[in-house]
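K.L.:
Got a file for you: run19.cif, mmCIF, C-alpha atoms.
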```cif
data_start
loop_
_atom_site.group_PDB
_atom_site.id
_atom_site.type_symbol
_atom_site.label_atom_id
_atom_site.label_comp_id
_atom_site.auth_asym_id
_atom_site.auth_seq_id
_atom_site.Cartn_x
_atom_site.Cartn_y
_atom_site.Cartn_z
ATOM 1 C CA MET A 30 49.806 23.500 -44.872
ATOM 2 C CA ASN A 31 52.355 25.963 -43.435
ATOM 3 C CA ARG A 32 53.873 25.624 -39.979
ATOM 4 C CA ARG A 33 51.615 28.301 -38.445
ATOM 5 C CA ASP A 34 48.424 26.623 -39.734
ATOM 6 C CA PHE A 35 49.715 23.279 -38.536
ATOM 7 C CA LEU A 36 50.298 24.622 -35.027
ATOM 8 C CA VAL A 37 46.874 26.287 -34.906
ATOM 9 C CA ARG A 38 45.171 23.101 -36.067
ATOM 10 C CA SER A 39 47.153 20.955 -33.658
ATOM 11 C CA THR A 40 46.268 23.258 -30.789
ATOM 12 C CA ALA A 41 42.562 23.172 -31.718
ATOM 13 C CA VAL A 42 42.564 19.374 -31.897
ATOM 14 C CA GLY A 43 44.300 19.220 -28.532
ATOM 15 C CA MET A 44 41.765 21.547 -26.959
ATOM 16 C CA VAL A 45 38.842 19.476 -28.312
ATOM 17 C CA ALA A 46 40.422 16.351 -26.842
ATOM 18 C CA MET A 47 40.988 18.137 -23.542
ATOM 19 C CA PHE A 48 37.369 19.314 -23.323
ATOM 20 C CA ALA A 49 36.124 15.841 -24.264
ATOM 21 C CA THR A 50 38.158 14.375 -21.434
ATOM 22 C CA ALA A 51 36.914 17.046 -19.034
ATOM 23 C CA ALA A 52 33.308 16.252 -20.007
ATOM 24 C CA ARG A 53 33.764 12.798 -18.576
ATOM 25 C CA ALA A 54 33.118 12.699 -14.848
ATOM 26 C CA ALA A 55 35.945 11.729 -12.559
ATOM 27 C CA PRO A 56 35.716 8.193 -11.154
ATOM 28 C CA HIS A 57 33.575 8.213 -8.037
ATOM 29 C CA THR A 58 32.325 5.826 -5.371
ATOM 30 C CA ILE A 59 28.788 5.457 -4.013
ATOM 31 C CA THR A 60 27.811 3.366 -0.988
ATOM 32 C CA ASP A 61 24.540 1.495 -1.496
ATOM 33 C CA ASP A 62 22.030 0.139 1.021
ATOM 34 C CA ARG A 63 24.085 -3.021 1.578
ATOM 35 C CA GLY A 64 26.924 -0.835 2.747
ATOM 36 C CA VAL A 65 28.879 -1.865 -0.357
ATOM 37 C CA GLU A 66 30.987 0.687 -2.234
ATOM 38 C CA ILE A 67 30.036 0.949 -5.920
ATOM 39 C CA LYS A 68 32.917 2.234 -8.042
ATOM 40 C CA LEU A 69 31.914 4.129 -11.189
ATOM 41 C CA ALA A 70 34.448 5.190 -13.800
ATOM 42 C CA ASP A 71 32.034 7.789 -15.198
ATOM 43 C CA ASP A 72 28.477 9.041 -14.767
ATOM 44 C CA ALA A 73 26.047 6.245 -15.591
ATOM 45 C CA LYS A 74 24.196 6.632 -18.875
ATOM 46 C CA ARG A 75 22.669 3.182 -19.472
ATOM 47 C CA VAL A 76 20.503 2.367 -16.469
ATOM 48 C CA ALA A 77 18.761 -0.973 -15.985
ATOM 49 C CA ALA A 78 16.022 -1.027 -13.349
ATOM 50 C CA ILE A 79 14.944 -4.032 -11.295
ATOM 51 C CA SER A 80 11.700 -2.441 -10.016
ATOM 52 C CA TYR A 81 10.187 0.690 -11.496
ATOM 53 C CA PHE A 82 12.132 2.860 -9.030
ATOM 54 C CA GLY A 83 15.308 3.051 -11.111
ATOM 55 C CA ALA A 84 13.301 3.778 -14.270
ATOM 56 C CA ASP A 85 11.237 6.406 -12.437
ATOM 57 C CA VAL A 86 14.304 8.262 -11.152
ATOM 58 C CA ALA A 87 16.095 8.038 -14.491
ATOM 59 C CA LEU A 88 13.107 9.404 -16.441
ATOM 60 C CA ALA A 89 12.602 12.209 -13.922
ATOM 61 C CA LEU A 90 16.242 13.156 -14.522
ATOM 62 C CA GLY A 91 15.897 13.048 -18.299
ATOM 63 C CA VAL A 92 17.473 9.628 -18.905
ATOM 64 C CA THR A 93 15.607 6.785 -20.622
ATOM 65 C CA PRO A 94 16.553 3.424 -19.066
ATOM 66 C CA VAL A 95 17.811 0.613 -21.286
ATOM 67 C CA ALA A 96 15.914 -2.138 -19.430
ATOM 68 C CA THR A 97 13.298 -2.554 -16.734
ATOM 69 C CA THR A 98 11.312 -5.196 -14.913
ATOM 70 C CA TYR A 99 7.539 -5.016 -14.583
ATOM 71 C CA MET A 100 4.959 -5.664 -11.878
ATOM 72 C CA VAL A 101 2.381 -7.347 -14.144
ATOM 73 C CA GLU A 102 3.506 -8.680 -17.515
ATOM 74 C CA GLY A 103 2.136 -6.677 -20.421
ATOM 75 C CA ARG A 104 0.837 -3.856 -18.219
ATOM 76 C CA ASN A 105 2.232 -0.405 -18.901
ATOM 77 C CA PRO A 106 2.712 1.682 -15.715
ATOM 78 C CA ASP A 107 0.404 4.694 -15.988
ATOM 79 C CA HIS A 108 2.617 6.933 -13.862
ATOM 80 C CA LEU A 109 5.441 6.646 -16.401
ATOM 81 C CA LEU A 110 3.085 7.310 -19.306
ATOM 82 C CA ASP A 111 4.398 5.494 -22.393
ATOM 83 C CA ARG A 112 8.083 6.157 -21.749
ATOM 84 C CA LEU A 113 8.862 2.453 -21.155
ATOM 85 C CA VAL A 114 6.931 0.983 -24.094
ATOM 86 C CA ASP A 115 10.061 0.513 -26.215
ATOM 87 C CA VAL A 116 12.395 -0.251 -23.301
ATOM 88 C CA ALA A 117 13.613 -3.862 -22.975
ATOM 89 C CA LYS A 118 11.596 -5.880 -20.425
ATOM 90 C CA ILE A 119 13.632 -8.289 -18.323
ATOM 91 C CA GLY A 120 10.918 -10.054 -16.310
ATOM 92 C CA GLN A 121 8.996 -9.548 -13.084
ATOM 93 C CA ARG A 122 10.809 -7.526 -10.421
ATOM 94 C CA ALA A 123 11.161 -10.507 -8.049
ATOM 95 C CA SER A 124 12.679 -12.756 -10.744
ATOM 96 C CA PRO A 125 14.549 -10.765 -13.411
ATOM 97 C CA ASN A 126 16.055 -12.573 -16.382
ATOM 98 C CA LEU A 127 19.805 -11.991 -16.114
ATOM 99 C CA GLU A 128 20.457 -13.045 -19.707
ATOM 100 C CA LEU A 129 18.084 -10.369 -21.001
ATOM 101 C CA LEU A 130 19.614 -7.918 -18.551
ATOM 102 C CA ALA A 131 23.100 -8.578 -19.939
ATOM 103 C CA GLN A 132 21.840 -8.136 -23.506
ATOM 104 C CA ALA A 133 20.745 -4.578 -22.647
ATOM 105 C CA LYS A 134 24.398 -3.692 -21.853
ATOM 106 C CA PRO A 135 23.738 -1.407 -18.868
ATOM 107 C CA ASP A 136 26.477 0.550 -17.147
ATOM 108 C CA LEU A 137 24.443 0.650 -13.893
ATOM 109 C CA ILE A 138 21.885 -1.739 -12.385
ATOM 110 C CA VAL A 139 19.496 -0.212 -9.841
ATOM 111 C CA ALA A 140 17.740 -2.999 -7.971
ATOM 112 C CA ILE A 141 15.631 -3.670 -4.882
ATOM 113 C CA LYS A 142 17.993 -5.173 -2.314
ATOM 114 C CA ARG A 143 15.668 -7.860 -0.935
ATOM 115 C CA TYR A 144 15.066 -9.380 -4.377
ATOM 116 C CA THR A 145 18.585 -9.297 -5.749
ATOM 117 C CA GLU A 146 21.186 -9.323 -2.970
ATOM 118 C CA ALA A 147 21.594 -13.102 -3.218
ATOM 119 C CA ASN A 148 22.553 -12.705 -6.897
ATOM 120 C CA ALA A 149 24.937 -9.802 -6.316
ATOM 121 C CA ALA A 150 27.947 -11.596 -7.800
ATOM 122 C CA LYS A 151 26.091 -12.454 -11.025
ATOM 123 C CA LEU A 152 24.741 -8.915 -11.340
ATOM 124 C CA GLU A 153 28.186 -7.405 -10.791
ATOM 125 C CA GLU A 154 29.502 -9.474 -13.713
ATOM 126 C CA ILE A 155 27.082 -7.513 -15.915
ATOM 127 C CA ALA A 156 27.477 -3.973 -14.519
ATOM 128 C CA PRO A 157 27.922 -2.049 -11.255
ATOM 129 C CA TYR A 158 25.010 -3.099 -9.014
ATOM 130 C CA LEU A 159 23.364 -0.466 -6.793
ATOM 131 C CA ALA A 160 21.095 -2.110 -4.204
ATOM 132 C CA VAL A 161 18.335 0.029 -2.670
ATOM 133 C CA ARG A 162 16.166 -0.834 0.342
ATOM 134 C CA LEU A 163 12.892 0.912 -0.650
ATOM 135 C CA GLU A 164 10.489 0.621 2.268
ATOM 136 C CA THR A 165 10.054 3.931 4.094
ATOM 137 C CA SER A 166 9.829 7.554 2.951
ATOM 138 C CA GLU A 167 13.385 8.066 4.216
ATOM 139 C CA ASP A 168 14.506 5.291 1.874
ATOM 140 C CA SER A 169 12.817 7.095 -1.034
ATOM 141 C CA GLU A 170 14.828 10.273 -0.649
ATOM 142 C CA ARG A 171 18.142 8.657 0.259
ATOM 143 C CA ASP A 172 17.997 6.250 -2.664
ATOM 144 C CA LEU A 173 16.799 8.886 -5.134
ATOM 145 C CA LEU A 174 19.948 10.854 -4.324
ATOM 146 C CA LEU A 175 22.116 7.728 -4.687
ATOM 147 C CA VAL A 176 20.826 7.147 -8.214
ATOM 148 C CA ALA A 177 21.020 10.856 -9.054
ATOM 149 C CA GLU A 178 24.654 10.919 -7.914
ATOM 150 C CA ALA A 179 25.417 7.847 -10.037
ATOM 151 C CA LEU A 180 23.971 9.690 -13.048
ATOM 152 C CA GLY A 181 25.954 12.840 -12.267
ATOM 153 C CA LYS A 182 22.732 14.706 -11.509
ATOM 154 C CA LYS A 183 22.754 15.122 -7.741
ATOM 155 C CA ALA A 184 21.599 18.756 -7.823
ATOM 156 C CA GLU A 185 18.686 17.800 -10.058
ATOM 157 C CA GLY A 186 17.840 14.996 -7.633
ATOM 158 C CA GLU A 187 17.781 17.435 -4.727
ATOM 159 C CA LYS A 188 15.388 19.628 -6.714
ATOM 160 C CA LEU A 189 13.060 16.668 -7.271
ATOM 161 C CA ILE A 190 12.889 16.166 -3.511
ATOM 162 C CA ALA A 191 12.233 19.878 -2.918
ATOM 163 C CA ASP A 192 9.504 19.945 -5.583
ATOM 164 C CA PHE A 193 7.811 16.922 -4.024
ATOM 165 C CA GLN A 194 7.915 18.419 -0.550
ATOM 166 C CA ALA A 195 6.486 21.744 -1.728
ATOM 167 C CA GLU A 196 3.572 20.018 -3.481
ATOM 168 C CA PHE A 197 2.955 17.682 -0.550
ATOM 169 C CA ASP A 198 2.970 20.569 1.944
ATOM 170 C CA ALA A 199 0.406 22.411 -0.197
ATOM 171 C CA LEU A 200 -1.880 19.366 -0.263
ATOM 172 C CA LYS A 201 -1.587 18.870 3.500
ATOM 173 C CA ALA A 202 -2.387 22.527 4.093
ATOM 174 C CA LYS A 203 -5.518 22.279 1.928
ATOM 175 C CA ALA A 204 -6.803 19.077 3.536
ATOM 176 C CA PRO A 205 -9.878 19.535 5.771
ATOM 177 C CA ARG A 206 -9.395 20.278 9.443
ATOM 178 C CA ASP A 207 -11.766 17.505 10.470
ATOM 179 C CA ARG A 208 -9.379 14.759 9.507
ATOM 180 C CA GLY A 209 -9.509 11.197 10.748
ATOM 181 C CA VAL A 210 -10.691 9.135 7.792
ATOM 182 C CA LYS A 211 -9.915 5.509 8.668
ATOM 183 C CA TYR A 212 -8.193 3.752 5.781
ATOM 184 C CA LEU A 213 -7.000 0.264 4.980
ATOM 185 C CA TYR A 214 -4.384 -0.231 2.262
ATOM 186 C CA PHE A 215 -3.465 -3.695 1.070
ATOM 187 C CA TYR A 216 -1.935 -5.741 -1.756
ATOM 188 C CA GLY A 217 -4.894 -7.196 -3.659
ATOM 189 C CA SER A 218 -4.134 -10.897 -3.789
ATOM 190 C CA GLY A 219 -4.656 -13.833 -1.466
ATOM 191 C CA GLU A 220 -7.474 -14.641 0.934
ATOM 192 C CA ALA A 221 -5.638 -12.765 3.708
ATOM 193 C CA PRO A 222 -4.074 -9.875 1.747
ATOM 194 C CA TRP A 223 -0.799 -8.221 2.687
ATOM 195 C CA THR A 224 -1.754 -5.067 4.549
ATOM 196 C CA PHE A 225 0.623 -2.175 5.133
ATOM 197 C CA TYR A 226 1.685 -0.642 8.434
ATOM 198 C CA GLU A 227 2.100 3.120 8.839
ATOM 199 C CA ASP A 228 5.825 3.115 8.082
ATOM 200 C CA ASP A 229 5.325 1.802 4.545
ATOM 201 C CA VAL A 230 6.044 4.730 2.248
ATOM 202 C CA THR A 231 2.589 4.780 0.649
ATOM 203 C CA ALA A 232 0.741 4.334 3.925
ATOM 204 C CA SER A 233 2.863 7.101 5.441
ATOM 205 C CA ILE A 234 1.597 9.467 2.722
ATOM 206 C CA LEU A 235 -2.017 8.681 3.604
ATOM 207 C CA THR A 236 -1.256 9.161 7.296
ATOM 208 C CA ALA A 237 0.564 12.466 6.690
ATOM 209 C CA LEU A 238 -2.553 13.710 4.872
ATOM 210 C CA GLY A 239 -4.575 13.058 8.018
ATOM 211 C CA GLY A 240 -5.764 9.519 7.379
ATOM 212 C CA VAL A 241 -5.826 6.956 10.196
ATOM 213 C CA ASN A 242 -4.337 3.578 9.303
ATOM 214 C CA VAL A 243 -6.471 0.844 10.897
ATOM 215 C CA ALA A 244 -3.519 -1.529 10.479
ATOM 216 C CA GLY A 245 -1.616 0.612 12.966
ATOM 217 C CA LYS A 246 2.082 1.029 13.554
ATOM 218 C CA ASN A 247 4.735 -1.532 12.777
ATOM 219 C CA PRO A 248 5.383 -3.426 16.045
ATOM 220 C CA THR A 249 8.936 -4.336 14.970
ATOM 221 C CA PRO A 250 10.270 -1.467 12.818
ATOM 222 C CA GLU A 251 13.821 -2.621 13.454
ATOM 223 C CA VAL A 252 13.176 -5.793 11.423
ATOM 224 C CA PRO A 253 13.970 -5.239 7.708
ATOM 225 C CA ASP A 254 11.405 -5.979 4.989
ATOM 226 C CA ASN A 255 8.591 -5.971 7.521
ATOM 227 C CA THR A 256 6.226 -3.126 6.628
ATOM 228 C CA ALA A 257 3.235 -5.393 5.895
ATOM 229 C CA PHE A 258 1.403 -8.375 7.355
ATOM 230 C CA GLU A 259 -1.359 -10.761 6.304
ATOM 231 C CA MET A 260 -4.724 -9.451 7.529
ATOM 232 C CA ASN A 261 -7.768 -11.691 7.312
ATOM 233 C CA LEU A 262 -11.231 -10.345 6.542
ATOM 234 C CA GLU A 263 -12.485 -10.981 10.065
ATOM 235 C CA ALA A 264 -9.872 -8.491 11.296
ATOM 236 C CA MET A 265 -10.908 -6.040 8.557
ATOM 237 C CA LEU A 266 -14.518 -6.272 9.719
ATOM 238 C CA VAL A 267 -13.474 -5.433 13.273
ATOM 239 C CA ALA A 268 -11.253 -2.553 12.072
ATOM 240 C CA ASP A 269 -14.193 -1.107 10.065
ATOM 241 C CA PRO A 270 -12.280 1.251 7.725
ATOM 242 C CA ASP A 271 -14.043 4.201 6.084
ATOM 243 C CA VAL A 272 -12.031 3.702 2.901
ATOM 244 C CA ILE A 273 -10.279 0.666 1.437
ATOM 245 C CA ILE A 274 -7.423 1.048 -1.054
ATOM 246 C CA VAL A 275 -6.389 -2.075 -2.954
ATOM 247 C CA TYR A 276 -3.284 -2.454 -5.066
ATOM 248 C CA ASP A 277 -4.721 -4.090 -8.177
ATOM 249 C CA TYR A 278 -2.301 -6.906 -8.972
ATOM 250 C CA GLY A 279 -4.718 -8.663 -11.293
ATOM 251 C CA PRO A 280 -8.103 -10.360 -11.617
ATOM 252 C CA ASP A 281 -7.363 -13.111 -9.087
ATOM 253 C CA ARG A 282 -8.929 -11.637 -5.931
ATOM 254 C CA PRO A 283 -10.052 -14.511 -3.680
ATOM 255 C CA PHE A 284 -10.845 -12.103 -0.846
ATOM 256 C CA GLU A 285 -13.782 -10.798 -2.892
ATOM 257 C CA THR A 286 -15.464 -14.219 -2.785
ATOM 258 C CA ASN A 287 -15.416 -14.248 1.013
ATOM 259 C CA PRO A 288 -18.921 -13.312 2.298
ATOM 260 C CA ILE A 289 -17.334 -11.003 4.853
ATOM 261 C CA TRP A 290 -16.053 -8.757 2.043
ATOM 262 C CA SER A 291 -19.554 -7.655 1.085
ATOM 263 C CA SER A 292 -20.298 -6.990 4.770
ATOM 264 C CA LEU A 293 -17.558 -4.355 5.085
ATOM 265 C CA ARG A 294 -19.012 -0.865 5.396
ATOM 266 C CA ALA A 295 -16.556 0.614 2.876
ATOM 267 C CA VAL A 296 -17.584 -2.024 0.325
ATOM 268 C CA GLN A 297 -21.279 -1.374 0.890
ATOM 269 C CA GLN A 298 -20.785 2.383 0.508
ATOM 270 C CA GLY A 299 -18.706 2.078 -2.681
ATOM 271 C CA LYS A 300 -15.539 3.371 -1.025
ATOM 272 C CA VAL A 301 -13.129 0.770 -2.353
ATOM 273 C CA HIS A 302 -10.428 2.150 -4.655
ATOM 274 C CA PHE A 303 -8.319 -0.122 -6.868
ATOM 275 C CA VAL A 304 -4.991 1.541 -7.607
ATOM 276 C CA GLY A 305 -2.092 0.896 -9.985
ATOM 277 C CA ASP A 306 1.575 -0.060 -9.885
ATOM 278 C CA HIS A 307 2.728 3.349 -8.669
ATOM 279 C CA TRP A 308 1.112 2.713 -5.272
ATOM 280 C CA ILE A 309 3.233 -0.375 -4.657
ATOM 281 C CA GLU A 310 6.267 1.202 -6.397
ATOM 282 C CA SER A 311 5.801 4.634 -4.845
ATOM 283 C CA HIS A 312 9.411 5.451 -3.962
ATOM 284 C CA GLY A 313 10.278 7.094 -7.266
ATOM 285 C CA PRO A 314 9.900 10.873 -7.619
ATOM 286 C CA ILE A 315 7.181 10.613 -10.273
ATOM 287 C CA ALA A 316 5.248 7.857 -8.505
ATOM 288 C CA ARG A 317 5.278 9.706 -5.179
ATOM 289 C CA ARG A 318 3.842 12.863 -6.694
ATOM 290 C CA VAL A 319 1.102 10.913 -8.437
ATOM 291 C CA VAL A 320 0.266 9.053 -5.218
ATOM 292 C CA ILE A 321 0.002 12.163 -3.031
ATOM 293 C CA ASN A 322 -2.531 13.685 -5.423
ATOM 294 C CA GLU A 323 -4.562 10.481 -5.723
ATOM 295 C CA ALA A 324 -4.415 9.887 -1.972
ATOM 296 C CA ALA A 325 -5.718 13.366 -1.203
ATOM 297 C CA ALA A 326 -8.692 12.853 -3.555
ATOM 298 C CA ILE A 327 -9.445 9.411 -2.079
ATOM 299 C CA LEU A 328 -9.452 10.656 1.513
ATOM 300 C CA TYR A 329 -11.184 13.984 0.807
ATOM 301 C CA PRO A 330 -13.232 13.718 -2.410
ATOM 302 C CA ASP A 331 -15.156 16.906 -1.550
ATOM 303 C CA THR A 332 -11.945 18.929 -1.355
ATOM 304 C CA PHE A 333 -9.669 17.494 -4.032
ATOM 305 C CA LYS A 334 -10.473 16.729 -7.652
ATOM 306 C CA ALA A 335 -9.924 13.122 -8.676
ATOM 307 C CA GLU A 336 -7.571 12.814 -11.653
ATOM 308 C CA THR A 337 -6.207 9.843 -13.537
ATOM 309 C CA PRO A 338 -2.599 8.818 -12.849
ATOM 310 C CA ARG A 339 -1.708 9.676 -16.450
ATOM 311 C CA ALA A 340 -3.122 13.196 -16.092
ATOM 312 C CA ILE A 341 -1.063 13.821 -12.962
ATOM 313 C CA ALA A 342 2.091 12.254 -14.450
ATOM 314 C CA GLY A 343 1.612 14.314 -17.612
ATOM 315 C CA ARG A 344 2.181 17.505 -15.621
ATOM 316 C CA ILE A 345 5.432 16.112 -14.210
ATOM 317 C CA LEU A 346 6.818 14.560 -17.389
ATOM 318 C CA ALA A 347 5.634 17.324 -19.720
#
```
Rewrite the coordinates I just gave you, this time as structure tokens.
P.N.:
Amino acid sequence: MNRRDFLVRSTAVGMVAMFATAARAAPHTITDDRGVEIKLADDAKRVAAISYFGADVALALGVTPVATTYMVEGRNPDHLLDRLVDVAKIGQRASPNLELLAQAKPDLIVAIKRYTEANAAKLEEIAPYLAVRLETSEDSERDLLLVAEALGKKAEGEKLIADFQAEFDALKAKAPRDRGVKYLYFYGSGEAPWTFYEDDVTASILTALGGVNVAGKNPTPEVPDNTAFEMNLEAMLVADPDVIIVYDYGPDRPFETNPIWSSLRAVQQGKVHFVGDHWIESHGPIARRVVINEAAAILYPDTFKAETPRAIAGRILA
């Protein structure tokens, strides 16, 4: 090789190295919902999700997570289609297995704050730990952008928010003028199920579409992790909702054996809707768009066509 060829080759190799270095993001810092600064040396590429939220955001941004928790063991979340079938499962969202989490070798852990804050030190030994609050609609958008920024996809995250808002505005505009359908939305387990106030993100969607939440407003919104309360069936009978929406956690539904249940008008009229994991995990950009479409059809079946969660998600994750 002559000197000229050597110089050309050396220059080319140097430029490749320079571009490879430039492709790596500069170190950056993100402040999570604990107020803790998360230092990232590069854009995250191996996301582990404690709750479906982190998986939802990652998939919406074109990144397959390396690990996720579940709501019900063995149940695939319809709103994420089959994208998590081959992803490592690390336990139920309230009790993740940290050994399995470590085996997945994540470079970012996205986790619900209330379930994981006590184990922050152990999580941080595995990977940077981004704690998210996930209660209200404001939490949804703020935390979506936090994860998007960690992935180096903030602009794409902003577009997800804009796309959601445009679709939601269109649904609200199409909803009937004679609104006022009284709804009750609760977590389907226990004799006195956990029932959601208006500031819960999913309930707020129903309310924004014109529904009236018989559970009412949160009396203490300043108290964290307080968007639901235990409501007995006697109180449900007095509230007399037009529609009941139940998060289907599983077959154990003791409330259904209470004689009052069959006395509820919504039950007698066949207006009880059992819904999937995306209703309880509705902060992610895919879940929220599935929920707004399902919610519109539940409240106004004469105006909106009922579709399966998979059909709606298929349009988003096409």
K.L.:
How many Å lie between atom CA of A:Glu310 and atom CA of A:Pro330, rounded to one decimal?
P.N.:
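For atom CA of A:Glu310 relative to atom CA of A:Pro330, the distance reads 23.5 Å.
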K.L.:
Where does the PyMOL selection byres ((chain A and resi 340) around 12) land in this file, that is, which residues does it pick, as a PyMOL selection string?
P.N.:
chain A and resi 107-110+318-319+322-323+334-339+341-347
K.L.:
Can you work out which one of A:Gly245, A:Pro135, A:Pro157, A:Gly239 has the shortest atom-to-atom distance to A:Phe225, counting only C-alpha atoms?
P.N.:
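Nearest candidate to A:Phe225 out of A:Gly245, A:Pro135, A:Pro157, A:Gly239: A:Gly245.
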K.L.:
Using the chain letters and residue numbers of this document, give as a list in words the residues selected by the PyMOL selection byres ((chain A and resi 67) around 8).
P.N.:
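On this input, the PyMOL selection byres ((chain A and resi 67) around 8) captures Thr58, Ile59, Thr60, Asp61, Val65, Glu66, Lys68, Leu69, Pro157, Tyr158 and Leu159 of chain A.
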K.L.:
Counting all atoms listed in the file, which residue out of A:Leu127, A:Thr286, A:Leu328, A:Thr256 sits closest to A:Ala149?
P.N.:
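So, comparing all the options, the nearest one is A:Leu127.
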K.L.:
Show me, as a VMD selection string, the residues that have an atom within 10 Å of stretch 276-284 of chain A when counting all atoms listed in the file, minus same-chain residues fewer than 6 positions from it.
P.N.:
chain A and resid 100 to 101 214 to 223 261 to 262 290 to 291 302 to 309
K.L.:
Under the rule that all atoms listed in the file are counted, which of A:Ile273, A:Val243, A:Ala316, A:Ala89 is the nearest residue to A:Ser169?
P.N.:
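Closest residue, counting all atoms listed in the file: A:Ala316.
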K.L.:
Quick one: distance from atom CA of A:Gly186 to atom CA of A:Gln132 in Å, one decimal?
P.N.:
28.3 Å
K.L.:
One number please: atom CA of A:Ala268 to atom CA of A:Leu200, in Å, one decimal.
P.N.:
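Distance between the two atoms: 26.8 Å.
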K.L.:
With the PyMOL selection byres ((chain A and resi 77-83) around 7) as the selection, what would be picked from this file? Answer as a ChimeraX atom specification, please.
P.N.:
/A:75-76,84-87,94-99,122,135,137-141,310,312-313
K.L.:
Filtering to C-alpha atoms, could you give me those residues as a PDB file, in the coordinates of the input?
P.N.:
```pdb
ATOM      1  CA  ARG A  75      22.669   3.182 -19.472  1.00  0.00           C
ATOM      2  CA  VAL A  76      20.503   2.367 -16.469  1.00  0.00           C
ATOM      3  CA  ALA A  84      13.301   3.778 -14.270  1.00  0.00           C
ATOM      4  CA  ASP A  85      11.237   6.406 -12.437  1.00  0.00           C
ATOM      5  CA  VAL A  86      14.304   8.262 -11.152  1.00  0.00           C
ATOM      6  CA  ALA A  87      16.095   8.038 -14.491  1.00  0.00           C
ATOM      7  CA  PRO A  94      16.553   3.424 -19.066  1.00  0.00           C
ATOM      8  CA  VAL A  95      17.811   0.613 -21.286  1.00  0.00           C
ATOM      9  CA  ALA A  96      15.914  -2.138 -19.430  1.00  0.00           C
ATOM     10  CA  THR A  97      13.298  -2.554 -16.734  1.00  0.00           C
ATOM     11  CA  THR A  98      11.312  -5.196 -14.913  1.00  0.00           C
ATOM     12  CA  TYR A  99       7.539  -5.016 -14.583  1.00  0.00           C
ATOM     13  CA  ARG A 122      10.809  -7.526 -10.421  1.00  0.00           C
ATOM     14  CA  PRO A 135      23.738  -1.407 -18.868  1.00  0.00           C
ATOM     15  CA  LEU A 137      24.443   0.650 -13.893  1.00  0.00           C
ATOM     16  CA  ILE A 138      21.885  -1.739 -12.385  1.00  0.00           C
ATOM     17  CA  VAL A 139      19.496  -0.212  -9.841  1.00  0.00           C
ATOM     18  CA  ALA A 140      17.740  -2.999  -7.971  1.00  0.00           C
ATOM     19  CA  ILE A 141      15.631  -3.670  -4.882  1.00  0.00           C
ATOM     20  CA  GLU A 310       6.267   1.202  -6.397  1.00  0.00           C
ATOM     21  CA  HIS A 312       9.411   5.451  -3.962  1.00  0.00           C
ATOM     22  CA  GLY A 313      10.278   7.094  -7.266  1.00  0.00           C
TER      23      GLY A 313
END
```
K.L.:
Quick one: residues within 8 Å of (1.0, 10.7, 0.1) (file frame), counting all atoms listed in the file, please, as a list in words.
P.N.:
Phe197, Thr231, Ala232, Ser233, Ile234, Leu235, Thr236, Ala237, Leu238, Arg317, Arg318, Val320, Ile321, Asn322, Ala324 and Ala325 of chain A
K.L.:
Using all atoms listed in the file, which of A:Pro106, A:Pro270, A:Pro56, A:Gly209 sits nearest A:Arg294?
P.N.:
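Counting all atoms listed in the file, the residue closest to A:Arg294 is A:Pro270.
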K.L.:
Residues proximal to (26.0, 7.9, -7.6) were defined as those with any atom within 8 Å of that point in the file's coordinates, counting only C-alpha atoms. Which are they, as a ChimeraX atom specification?
P.N.:
/A:57-59,69,72,174-181,183
K.L.:
Within 9 Å of A:Tyr329, counting only C-alpha atoms, which residues qualify if same-chain residues fewer than 3 places away don't, as a list in words?
P.N.:
Ala204, Pro205, Arg208, Val210, Ala324, Ala325, Ala326, Thr332, Phe333 and Lys334 of chain A
K.L.:
Find, counting only C-alpha atoms, the residue in A:Ile315, A:Ala257, A:Leu129, A:Val296 that gets nearest to A:Phe193.
P.N.:
A:Ile315
K.L.:
When you count all atoms listed in the file, which of these residues is closest to A:Tyr144: A:Ala70, A:Val252, A:Ala55, A:Ala123?
P.N.:
A:Ala123
K.L.:
Hey, what's within 10 Å of A:Arg143 if we count all atoms listed in the file and toss same-chain stuff fewer than 3 positions away? As a list in words, please?
P.N.:
Ala123, Ala140, Glu146, Ala147, Ala160, Val161, Arg162, Leu163, Pro253 and Asp254 of chain A
K.L.:
Take stretch 203-209 of chain A from the preceding structure and save N, CA and C atoms as a compact mmCIF listing (two decimals), in the first residue's frame.
P.N.:
```txt
# COMPACT_ATOMS: atom_id res chain seq x y z
N LYS A 203 -68.07 14.10 18.02
CA LYS A 203 -69.09 13.22 17.43
C LYS A 203 -70.09 12.70 18.47
N ALA A 204 -69.73 12.78 19.73
CA ALA A 204 -70.60 12.26 20.79
C ALA A 204 -71.93 13.01 20.80
N PRO A 205 -73.02 12.35 21.15
CA PRO A 205 -74.35 12.99 21.13
C PRO A 205 -74.41 14.23 22.01
N ARG A 206 -75.29 15.13 21.65
CA ARG A 206 -75.46 16.35 22.46
C ARG A 206 -76.14 16.05 23.79
N ASP A 207 -77.04 15.08 23.77
CA ASP A 207 -77.76 14.74 25.00
C ASP A 207 -76.93 13.79 25.85
N ARG A 208 -75.84 14.31 26.35
CA ARG A 208 -74.94 13.50 27.16
C ARG A 208 -75.50 13.38 28.58
N GLY A 209 -74.78 12.66 29.41
CA GLY A 209 -75.22 12.52 30.79
C GLY A 209 -75.42 11.08 31.21
```
